[in-house]
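Reviewing the structure listed below.
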Amino acid sequence: MPPLRPNLELYLVTDSANLPPNSTVYSQVEACLSARHPPTIVQLREKHLSTAKFIELARDIYALTSKHGVPLLINDRVDVALAVGCEGVHLGWDDMADVPTARKLLGPEKIIGLSVSDHEQLGRALGVDPTYLGIGPVFSTPTKPDHNAPLGTSGVRSLLSAIPPTMPAVAIGGINHGNVQRVLFQSKDISGRRLDGVAVVSAIMASPLPVGACNLLYETINWPPLFVPTDYSIRTEDFPIYRDNIRKHKPLVHHITNNVVKSISANISLAIGASPIMSENPAEFADLAALPNVGCVLNMGTFAGGRESQDLFLGALREHNVRGNPVIFDPVGAGATSARREFAQMIVGGGYCTVIKGNEGEIRSLAGLETVEMRGVDGGGEGEGGSEEELAKLVHDLASLENNIVLMTGPRDYISNGARTFCLANGSKYQSRVTGIGCALGSVIAAFCAAAPVDESLIGPVISAIGIYNVAAERAEMLMEGSDQPGRWATAFVDCLAAMAMSDENLTELIAAHEV
Ligand code: 3NM
Ligand code: MG
C-alpha cells in the first residue's frame, strides 16, 4: 500500500545549530509534541553528525514522535531511516539516494519527500513520484546558508500551479508567524491550488518558547489574515458615501513616493480632505500604521535600489499589512529596466498590496508578460495596446492571481478585483501632460480606501476615487475653454477636486463606468 497522504500542515524541521540556551534538539522536539497544537510531522535534519550518533538521536526522537502519533522523516540519510524504522525520508538533489533508489530501499509504504526550487527540478521531481514536495526557499534564510535563490510568494505560486492536486506540497525558507498567513494566502493560484502546509526550522527550533511557537504558528495558519478581502461586491449607490467618509474620518496617507511628485501628492491629498505624511523613516512605520484610518502609498518612481530601499518599502508594507491597512502600490516604470521589474516583483512578493496601480506597460510587466518598449517612466504602453476585452482580461488575470485590486490607467481606466472588471471613461488629456497627476491618484485611492469601513469591499471606494479624480480633471479642462494651458489646468484641477470633495453631488451619476 502506498503511504497515506501525510498531514503537512505544520511541518517541523530540526536544527542543532541554532538552539536557545540549555536546550537540545531532543528537548525542543519533546516540548513541541506536548503543545496544544504540535507539529503534524517532524523531519530530523543533522548535517554534521556521525552515522552512529545520528542513528542514536533518531532512535530517541522516533520514540518521542511515535508516542504522539506524529510521523518522523530523516533528512537525506535513507540508511538512518532504515536503521530506525521511522516513517520516511526527505531528499534533496545531492543526497545519498535518489527517489527511485530510496523507494527500493524503503519499500512502498514509506514517505519520501523531495525538495524543488525551480520548474526544471519540478519537472524531474514529478517524473519520479515522491510522496510530497517541499518548495523553497520562499525567503532568504540564514538557516541554510547555501540555499537557492528565494522564490517569493509568486515563485511558490508559479511552481504550485504546475503541481497536480494529488501531490501534496509544503513551502520552506524564512517562514515565521509574522509572514505565514501571507505565504499561504498569496501562494494560492487562480485554480485554488494551495499549499498543504508550511515547514519551519528557526521559527520553532530557535525559540526559547517552542510550545508557544507551535501554538502561535498553528493558530496563525488557521486564522484568515487581516488584509484578505472577504467581500467582492460593489455597491454603486454608495459612491457618495465613500466621499463623505473622507470628510468624516480625515484619513492619513503615508507616502513613500518619488521625489518628483511629493509636493503635488501632498497638495492633492489636502484638497480632498486627507492628511498626507511623507515618511521614509522606518523607526516610525509601526506607530503610523497603528493610527486609525491610515492608508499607504508605495511609489517606486525614484527608488535608489539596493538593500536600503528594499528594507524601506518592505518595512512599510509589513507594518501596514500587520494592521490590515490598505496599501496602494505604484510600480512606476516597472517594464522600463530589469532593475525596476525585479524591484516591483520583489515588493508584490514581499507583502500584500491591496491595490496595484499602473499603466499598461507596468501592469504587463507585473503580469510577467512581454512589455511594449518604454522610454522613461511616463509614457510607454499608455493604452497603446489591445482591445477592451484584452485590457480587461489583463487586469482581471493579474487581480485574481494576486488576490487584490488591479487598476490600469490610460485613456480609459480598467479595474478588477478578480471577480468583477470595469472600464472607466472619464478623464482629461491634460492628466498625462503634468507630472505627478498620475502618481497623486494613488494618494486619493489610498484616502478613499482608508476612510472606508473595515470589511468593506474596496473596489467601490477605488472606483469612487478614480471617478472623482477624472471628473474633476474634465471640469478643469472645460475651464480652459479650448486653449492649451497645462499649467493653469493643474491649478484648476486641484480646485475642482477640492470642490467635488466638499460637494453633495451624487457621484454615482457622474462616474461613467461599465462592467466588462
Ligand atoms: N531547506 P528557516 S530552506 C532546510 O529551500 C531548508 O529547500 C530549504 O529554515 C530549501 O525556517 C531551509 O529557519 C531552511 O528559515 C529553512
Ligand atoms: Mg538535503
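Going through the C-alpha cells in order, the chains are called A, B, and so on, while each chain numbers its residues from 1 and the ligands are numbered from 1 in the order shown.
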
Could you report the residues within 6 Å of ligand 1, using only C-alpha atoms and all ligand atoms, as a list of chain:residue names?
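Residues satisfying the distance criterion: A:Ser115, A:Gly136, A:Pro137, A:Thr141, A:Thr143, A:Lys144, A:His147, A:Ile172, A:Gly173, A:Gly174, A:Ile175, A:Val200, A:Val201, A:Ser202, A:Ala203.
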
Out of segment 150-350 of chain A, which residues get strand (DSSP E) from DSSP, as number ranges by chain?
A: 169-172, 197-200, 252-256, 275-278, 294-299, 327-330

Determine, for each residue of chain A having at least one atom at most 10 Å from an atom of ligand 2, the closest pair of atoms and their separation in Å to one decimal, counting only C-alpha atoms and all ligand atoms; order by chain and ascending number, as JSON lines.
{"residue": "A:Arg45", "atom": "CA", "partner": "ligand 2", "partner_atom_place_in_ligand_line": "1 (Mg)", "distance": 8.2}
{"residue": "A:Glu46", "atom": "CA", "partner": "ligand 2", "partner_atom_place_in_ligand_line": "1 (Mg)", "distance": 9.6}
{"residue": "A:Lys47", "atom": "CA", "partner": "ligand 2", "partner_atom_place_in_ligand_line": "1 (Mg)", "distance": 8.6}
{"residue": "A:Ile74", "atom": "CA", "partner": "ligand 2", "partner_atom_place_in_ligand_line": "1 (Mg)", "distance": 9.7}
{"residue": "A:Asn75", "atom": "CA", "partner": "ligand 2", "partner_atom_place_in_ligand_line": "1 (Mg)", "distance": 6.0}
{"residue": "A:Asp76", "atom": "CA", "partner": "ligand 2", "partner_atom_place_in_ligand_line": "1 (Mg)", "distance": 5.1}
{"residue": "A:Arg77", "atom": "CA", "partner": "ligand 2", "partner_atom_place_in_ligand_line": "1 (Mg)", "distance": 8.8}
{"residue": "A:Val89", "atom": "CA", "partner": "ligand 2", "partner_atom_place_in_ligand_line": "1 (Mg)", "distance": 9.9}
{"residue": "A:His90", "atom": "CA", "partner": "ligand 2", "partner_atom_place_in_ligand_line": "1 (Mg)", "distance": 7.1}
{"residue": "A:Leu91", "atom": "CA", "partner": "ligand 2", "partner_atom_place_in_ligand_line": "1 (Mg)", "distance": 5.3}
{"residue": "A:Gly92", "atom": "CA", "partner": "ligand 2", "partner_atom_place_in_ligand_line": "1 (Mg)", "distance": 4.1}
{"residue": "A:Trp93", "atom": "CA", "partner": "ligand 2", "partner_atom_place_in_ligand_line": "1 (Mg)", "distance": 7.1}
{"residue": "A:Asp94", "atom": "CA", "partner": "ligand 2", "partner_atom_place_in_ligand_line": "1 (Mg)", "distance": 6.9}
{"residue": "A:Asp95", "atom": "CA", "partner": "ligand 2", "partner_atom_place_in_ligand_line": "1 (Mg)", "distance": 5.7}
{"residue": "A:Met96", "atom": "CA", "partner": "ligand 2", "partner_atom_place_in_ligand_line": "1 (Mg)", "distance": 9.0}
{"residue": "A:Leu114", "atom": "CA", "partner": "ligand 2", "partner_atom_place_in_ligand_line": "1 (Mg)", "distance": 8.7}
{"residue": "A:Ser115", "atom": "CA", "partner": "ligand 2", "partner_atom_place_in_ligand_line": "1 (Mg)", "distance": 7.7}

Print the selection's residues with C-alpha atoms to a file, as a CSV table (one decimal), in the first residue's frame.
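Here's the written file again12.csv:
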chain,number,residue,atom,x,y,z
A,45,ARG,CA,17.9,17.2,9.9
A,46,GLU,CA,21.5,16.8,11.0
A,47,LYS,CA,24.3,17.7,8.6
A,74,ILE,CA,15.0,11.7,8.2
A,75,ASN,CA,16.8,14.3,6.1
A,76,ASP,CA,18.9,12.9,3.4
A,77,ARG,CA,20.0,9.6,5.1
A,89,VAL,CA,12.9,10.4,4.4
A,90,HIS,CA,13.2,13.9,2.9
A,91,LEU,CA,15.6,14.1,0.0
A,92,GLY,CA,17.4,16.9,-1.8
A,93,TRP,CA,19.1,16.6,-5.2
A,94,ASP,CA,22.6,16.0,-3.9
A,95,ASP,CA,21.6,13.5,-1.2
A,96,MET,CA,22.7,9.9,-0.8
A,114,LEU,CA,11.7,15.8,-2.3
A,115,SER,CA,12.8,19.5,-2.4

For Ala452 of chain A, list every protein, DNA or RNA residue within 12 Å, evaluated using only C-alpha atoms, and leave out those in the same chain fewer than 2 positions away; present the list as a PyMOL selection string.
chain A and resi 238-251+292-295+325-326+445-450+454-462+464-465

Would you mind listing, for every residue of segment 230-306 of chain A within 10 Å of segment 333-351 of chain A, the two atoms forming the shortest contact and the distance between them in Å to one decimal, using only C-alpha atoms, sorted by chain and ascending residue number, as JSON lines?
{"residue": "A:Leu298", "atom": "CA", "partner": "A:Ile347", "partner_atom": "CA", "distance": 9.3}
{"residue": "A:Asn299", "atom": "CA", "partner": "A:Ala344", "partner_atom": "CA", "distance": 9.8}
{"residue": "A:Met300", "atom": "CA", "partner": "A:Ala344", "partner_atom": "CA", "distance": 7.9}
{"residue": "A:Gly301", "atom": "CA", "partner": "A:Gly333", "partner_atom": "CA", "distance": 7.0}
{"residue": "A:Thr302", "atom": "CA", "partner": "A:Gly333", "partner_atom": "CA", "distance": 9.6}
{"residue": "A:Phe303", "atom": "CA", "partner": "A:Arg340", "partner_atom": "CA", "distance": 8.6}
{"residue": "A:Gly305", "atom": "CA", "partner": "A:Phe343", "partner_atom": "CA", "distance": 7.7}
{"residue": "A:Gly306", "atom": "CA", "partner": "A:Phe343", "partner_atom": "CA", "distance": 9.3}

Take the selection from the previous step and output its residues with N, CA and C atoms, as a PDB file, in the first residue's frame.
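Written file, selection_6.pdb:
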ATOM      1  N   LEU A 298       2.864  53.281  -1.874  1.00  0.00           N
ATOM      2  CA  LEU A 298       4.244  52.908  -2.184  1.00  0.00           C
ATOM      3  C   LEU A 298       4.457  53.161  -3.665  1.00  0.00           C
ATOM      4  N   ASN A 299       5.309  54.138  -3.961  1.00  0.00           N
ATOM      5  CA  ASN A 299       5.550  54.538  -5.344  1.00  0.00           C
ATOM      6  C   ASN A 299       7.049  54.448  -5.584  1.00  0.00           C
ATOM      7  N   MET A 300       7.439  53.572  -6.508  1.00  0.00           N
ATOM      8  CA  MET A 300       8.879  53.305  -6.675  1.00  0.00           C
ATOM      9  C   MET A 300       9.527  54.165  -7.759  1.00  0.00           C
ATOM     10  N   GLY A 301       8.895  55.310  -8.050  1.00  0.00           N
ATOM     11  CA  GLY A 301       9.376  56.158  -9.147  1.00  0.00           C
ATOM     12  C   GLY A 301      10.851  56.488  -9.137  1.00  0.00           C
ATOM     13  N   THR A 302      11.385  56.904  -8.002  1.00  0.00           N
ATOM     14  CA  THR A 302      12.814  57.250  -7.962  1.00  0.00           C
ATOM     15  C   THR A 302      13.560  56.379  -6.948  1.00  0.00           C
ATOM     16  N   PHE A 303      13.169  55.092  -6.872  1.00  0.00           N
ATOM     17  CA  PHE A 303      13.810  54.204  -5.893  1.00  0.00           C
ATOM     18  C   PHE A 303      15.323  54.143  -6.138  1.00  0.00           C
ATOM     19  N   GLY A 305      17.305  51.682  -5.216  1.00  0.00           N
ATOM     20  CA  GLY A 305      17.797  50.323  -5.426  1.00  0.00           C
ATOM     21  C   GLY A 305      18.605  49.882  -4.226  1.00  0.00           C
ATOM     22  N   GLY A 306      19.039  48.648  -4.247  1.00  0.00           N
ATOM     23  CA  GLY A 306      19.889  48.144  -3.169  1.00  0.00           C
ATOM     24  C   GLY A 306      19.097  47.797  -1.925  1.00  0.00           C
TER      25      GLY A 306
END

Test item, helix (DSSP H, G or I) assignment across segment 95-241 of chain A, answer as a PyMOL selection string:
chain A and resi 99-106+119-128+152-160+180-186+202-205+210-221+236-241

Shell around segment 209-224 of chain A at 12 Å using only C-alpha atoms, local window under 6 positions removed, as number ranges by chain:
A: 8-12, 14, 19-21, 23-40, 175-186, 195-203, 230, 324

Could you write out the selected residues, including N, CA and C atoms, as a CSV table (one decimal), in the first residue's frame?
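Okay, out_14.csv is ready:
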chain,number,residue,atom,x,y,z
A,8,LEU,N,0.7,17.7,6.4
A,8,LEU,CA,1.9,18.5,6.4
A,8,LEU,C,1.6,19.9,6.9
A,9,GLU,N,0.5,20.1,7.6
A,9,GLU,CA,0.1,21.5,7.9
A,9,GLU,C,1.1,22.3,8.7
A,10,LEU,N,1.7,21.7,9.7
A,10,LEU,CA,2.7,22.4,10.4
A,10,LEU,C,3.9,21.4,10.5
A,11,TYR,N,4.9,21.7,9.7
A,11,TYR,CA,6.0,20.7,9.4
A,11,TYR,C,7.2,21.3,10.1
A,12,LEU,N,7.7,20.5,11.1
A,12,LEU,CA,8.9,21.0,11.9
A,12,LEU,C,10.1,20.3,11.3
A,14,THR,N,14.2,20.0,12.2
A,14,THR,CA,15.1,20.3,13.3
A,14,THR,C,16.4,20.9,12.8
A,19,LEU,N,20.0,26.5,18.6
A,19,LEU,CA,19.1,26.2,19.7
A,19,LEU,C,19.2,27.3,20.7
A,20,PRO,N,18.2,27.6,21.5
A,20,PRO,CA,18.3,28.5,22.6
A,20,PRO,C,19.1,27.9,23.7
A,21,PRO,N,19.6,28.7,24.6
A,21,PRO,CA,20.5,28.2,25.7
A,21,PRO,C,19.8,27.0,26.5
A,23,SER,N,19.1,24.0,25.8
A,23,SER,CA,18.2,23.1,25.2
A,23,SER,C,18.9,22.2,24.1
A,24,THR,N,18.3,21.1,23.7
A,24,THR,CA,18.8,20.2,22.7
A,24,THR,C,17.7,20.0,21.7
A,25,VAL,N,18.1,19.4,20.6
A,25,VAL,CA,17.1,19.0,19.6
A,25,VAL,C,16.0,18.2,20.3
A,26,TYR,N,16.5,17.2,21.1
A,26,TYR,CA,15.5,16.3,21.8
A,26,TYR,C,14.6,17.1,22.7
A,27,SER,N,15.1,18.1,23.5
A,27,SER,CA,14.3,18.8,24.4
A,27,SER,C,13.3,19.7,23.7
A,28,GLN,N,13.7,20.3,22.6
A,28,GLN,CA,12.8,21.1,21.8
A,28,GLN,C,11.7,20.3,21.1
A,29,VAL,N,12.1,19.2,20.6
A,29,VAL,CA,11.0,18.3,19.9
A,29,VAL,C,10.1,17.8,21.0
A,30,GLU,N,10.6,17.4,22.1
A,30,GLU,CA,9.8,16.9,23.2
A,30,GLU,C,8.8,18.0,23.6
A,31,ALA,N,9.3,19.2,23.8
A,31,ALA,CA,8.4,20.3,24.2
A,31,ALA,C,7.3,20.5,23.1
A,32,CYS,N,7.7,20.6,21.9
A,32,CYS,CA,6.8,20.8,20.8
A,32,CYS,C,5.6,19.8,20.8
A,33,LEU,N,6.0,18.5,21.0
A,33,LEU,CA,5.0,17.5,20.9
A,33,LEU,C,4.0,17.6,22.1
A,34,SER,N,4.3,18.3,23.1
A,34,SER,CA,3.4,18.5,24.2
A,34,SER,C,2.5,19.7,24.0
A,35,ALA,N,2.7,20.4,22.9
A,35,ALA,CA,1.9,21.6,22.7
A,35,ALA,C,0.5,21.3,22.4
A,36,ARG,N,-0.4,22.3,22.6
A,36,ARG,CA,-1.8,22.1,22.3
A,36,ARG,C,-1.9,21.8,20.8
A,37,HIS,N,-1.1,22.5,20.0
A,37,HIS,CA,-1.0,22.3,18.6
A,37,HIS,C,0.4,21.9,18.2
A,38,PRO,N,0.7,20.6,18.3
A,38,PRO,CA,2.0,20.1,18.0
A,38,PRO,C,2.2,20.1,16.5
A,39,PRO,N,3.5,20.0,16.1
A,39,PRO,CA,3.8,19.8,14.6
A,39,PRO,C,3.0,18.6,14.1
A,40,THR,N,2.6,18.6,12.9
A,40,THR,CA,1.9,17.4,12.3
A,40,THR,C,2.9,16.4,11.7
A,175,ILE,N,10.0,31.2,6.8
A,175,ILE,CA,8.6,31.3,7.2
A,175,ILE,C,8.6,31.4,8.8
A,176,ASN,N,7.7,32.4,9.2
A,176,ASN,CA,7.5,32.5,10.7
A,176,ASN,C,6.1,33.0,10.9
A,177,HIS,N,5.7,33.2,12.2
A,177,HIS,CA,4.3,33.6,12.4
A,177,HIS,C,3.9,34.9,11.8
A,178,GLY,N,4.9,35.8,11.6
A,178,GLY,CA,4.6,37.1,11.0
A,178,GLY,C,4.3,37.1,9.5
A,179,ASN,N,4.8,36.0,8.8
A,179,ASN,CA,4.5,36.0,7.4
A,179,ASN,C,3.7,34.8,6.9
A,180,VAL,N,3.4,33.9,7.8
A,180,VAL,CA,2.9,32.6,7.4
A,180,VAL,C,1.5,32.8,6.7
A,181,GLN,N,0.7,33.7,7.2
A,181,GLN,CA,-0.6,33.8,6.6
A,181,GLN,C,-0.5,34.3,5.1
A,182,ARG,N,0.4,35.2,5.0
A,182,ARG,CA,0.6,35.8,3.7
A,182,ARG,C,1.2,34.8,2.7
A,183,VAL,N,2.1,34.0,3.2
A,183,VAL,CA,2.7,32.9,2.4
A,183,VAL,C,1.6,32.0,1.9
A,184,LEU,N,0.7,31.6,2.8
A,184,LEU,CA,-0.4,30.7,2.4
A,184,LEU,C,-1.4,31.3,1.5
A,185,PHE,N,-1.7,32.6,1.8
A,185,PHE,CA,-2.7,33.3,1.0
A,185,PHE,C,-2.2,33.7,-0.4
A,186,GLN,N,-1.0,34.2,-0.4
A,186,GLN,CA,-0.5,34.7,-1.7
A,186,GLN,C,0.0,33.6,-2.6
A,195,LEU,N,-1.0,25.5,-0.8
A,195,LEU,CA,0.0,24.7,-0.1
A,195,LEU,C,-0.8,23.8,0.9
A,196,ASP,N,-0.2,22.7,1.1
A,196,ASP,CA,-0.8,21.8,2.1
A,196,ASP,C,-0.2,22.1,3.5
A,197,GLY,N,0.8,22.9,3.6
A,197,GLY,CA,1.3,23.3,4.9
A,197,GLY,C,2.6,24.1,4.7
A,198,VAL,N,3.2,24.4,5.8
A,198,VAL,CA,4.5,25.2,5.8
A,198,VAL,C,5.5,24.4,6.7
A,199,ALA,N,6.7,24.5,6.3
A,199,ALA,CA,7.8,23.9,7.0
A,199,ALA,C,8.7,25.0,7.6
A,200,VAL,N,9.0,24.8,8.9
A,200,VAL,CA,9.8,25.8,9.6
A,200,VAL,C,11.0,25.2,10.3
A,201,VAL,N,12.1,25.9,10.4
A,201,VAL,CA,13.2,25.5,11.3
A,201,VAL,C,13.3,26.4,12.4
A,202,SER,N,13.9,27.6,12.1
A,202,SER,CA,14.2,28.5,13.2
A,202,SER,C,13.0,29.1,14.0
A,203,ALA,N,11.9,29.2,13.3
A,203,ALA,CA,10.7,29.8,13.9
A,203,ALA,C,10.3,29.0,15.2
A,230,THR,N,-12.9,39.6,2.0
A,230,THR,CA,-13.9,38.6,2.2
A,230,THR,C,-15.1,38.9,1.4
A,324,GLY,N,-3.6,45.6,8.7
A,324,GLY,CA,-4.7,45.4,7.7
A,324,GLY,C,-5.0,46.8,7.0

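Distances to Ser154 of chain A were evaluated for A:Pro453, A:Pro486, A:Pro3, A:Gly368 using only C-alpha atoms, and the minimum falls at A:Gly368.
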
Fewer than 2 positions away in the same chain doesn't count, so skip those; otherwise give me all residues within 8 Å of segment 434-437 of chain A, counting only C-alpha atoms, as a list in words.
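Near segment 434-437 of chain A, the qualifying residues are Val260, Val261, Ile264, Ser265, Tyr430, Gln431, Ser432, Cys439, Ala440, Leu441, Pro486, Gly487 and Ala490 of chain A.
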
In terms of the shortest atom-to-atom distance over only C-alpha atoms, which of A:Leu401, A:Met478, A:Leu407, A:Leu160 is closest to His119 of chain A?
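Using only C-alpha atoms, the shortest distance to His119 of chain A belongs to A:Leu160.
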
Best match for closeness to Met408 of chain A among A:Ser187, A:Gln121, A:Ser263, A:Thr421, counting only C-alpha atoms:
A:Thr421

Taking 5 positions as the minimum chain separation for residues in the same chain, which residues sit within 12 Å of Arg433 of chain A when counting only C-alpha atoms? Answer as an NGL selection string.
:A and (378-379 or 428 or 438 or 473 or 484-490)

Could you work out how far atom CA of Ser400 of chain A lies from atom CA of Arg194 of chain A, giving the answer in Å with one decimal?
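Straight-line distance from atom CA of Arg194 of chain A to atom CA of Ser400 of chain A works out to 14.0 Å.
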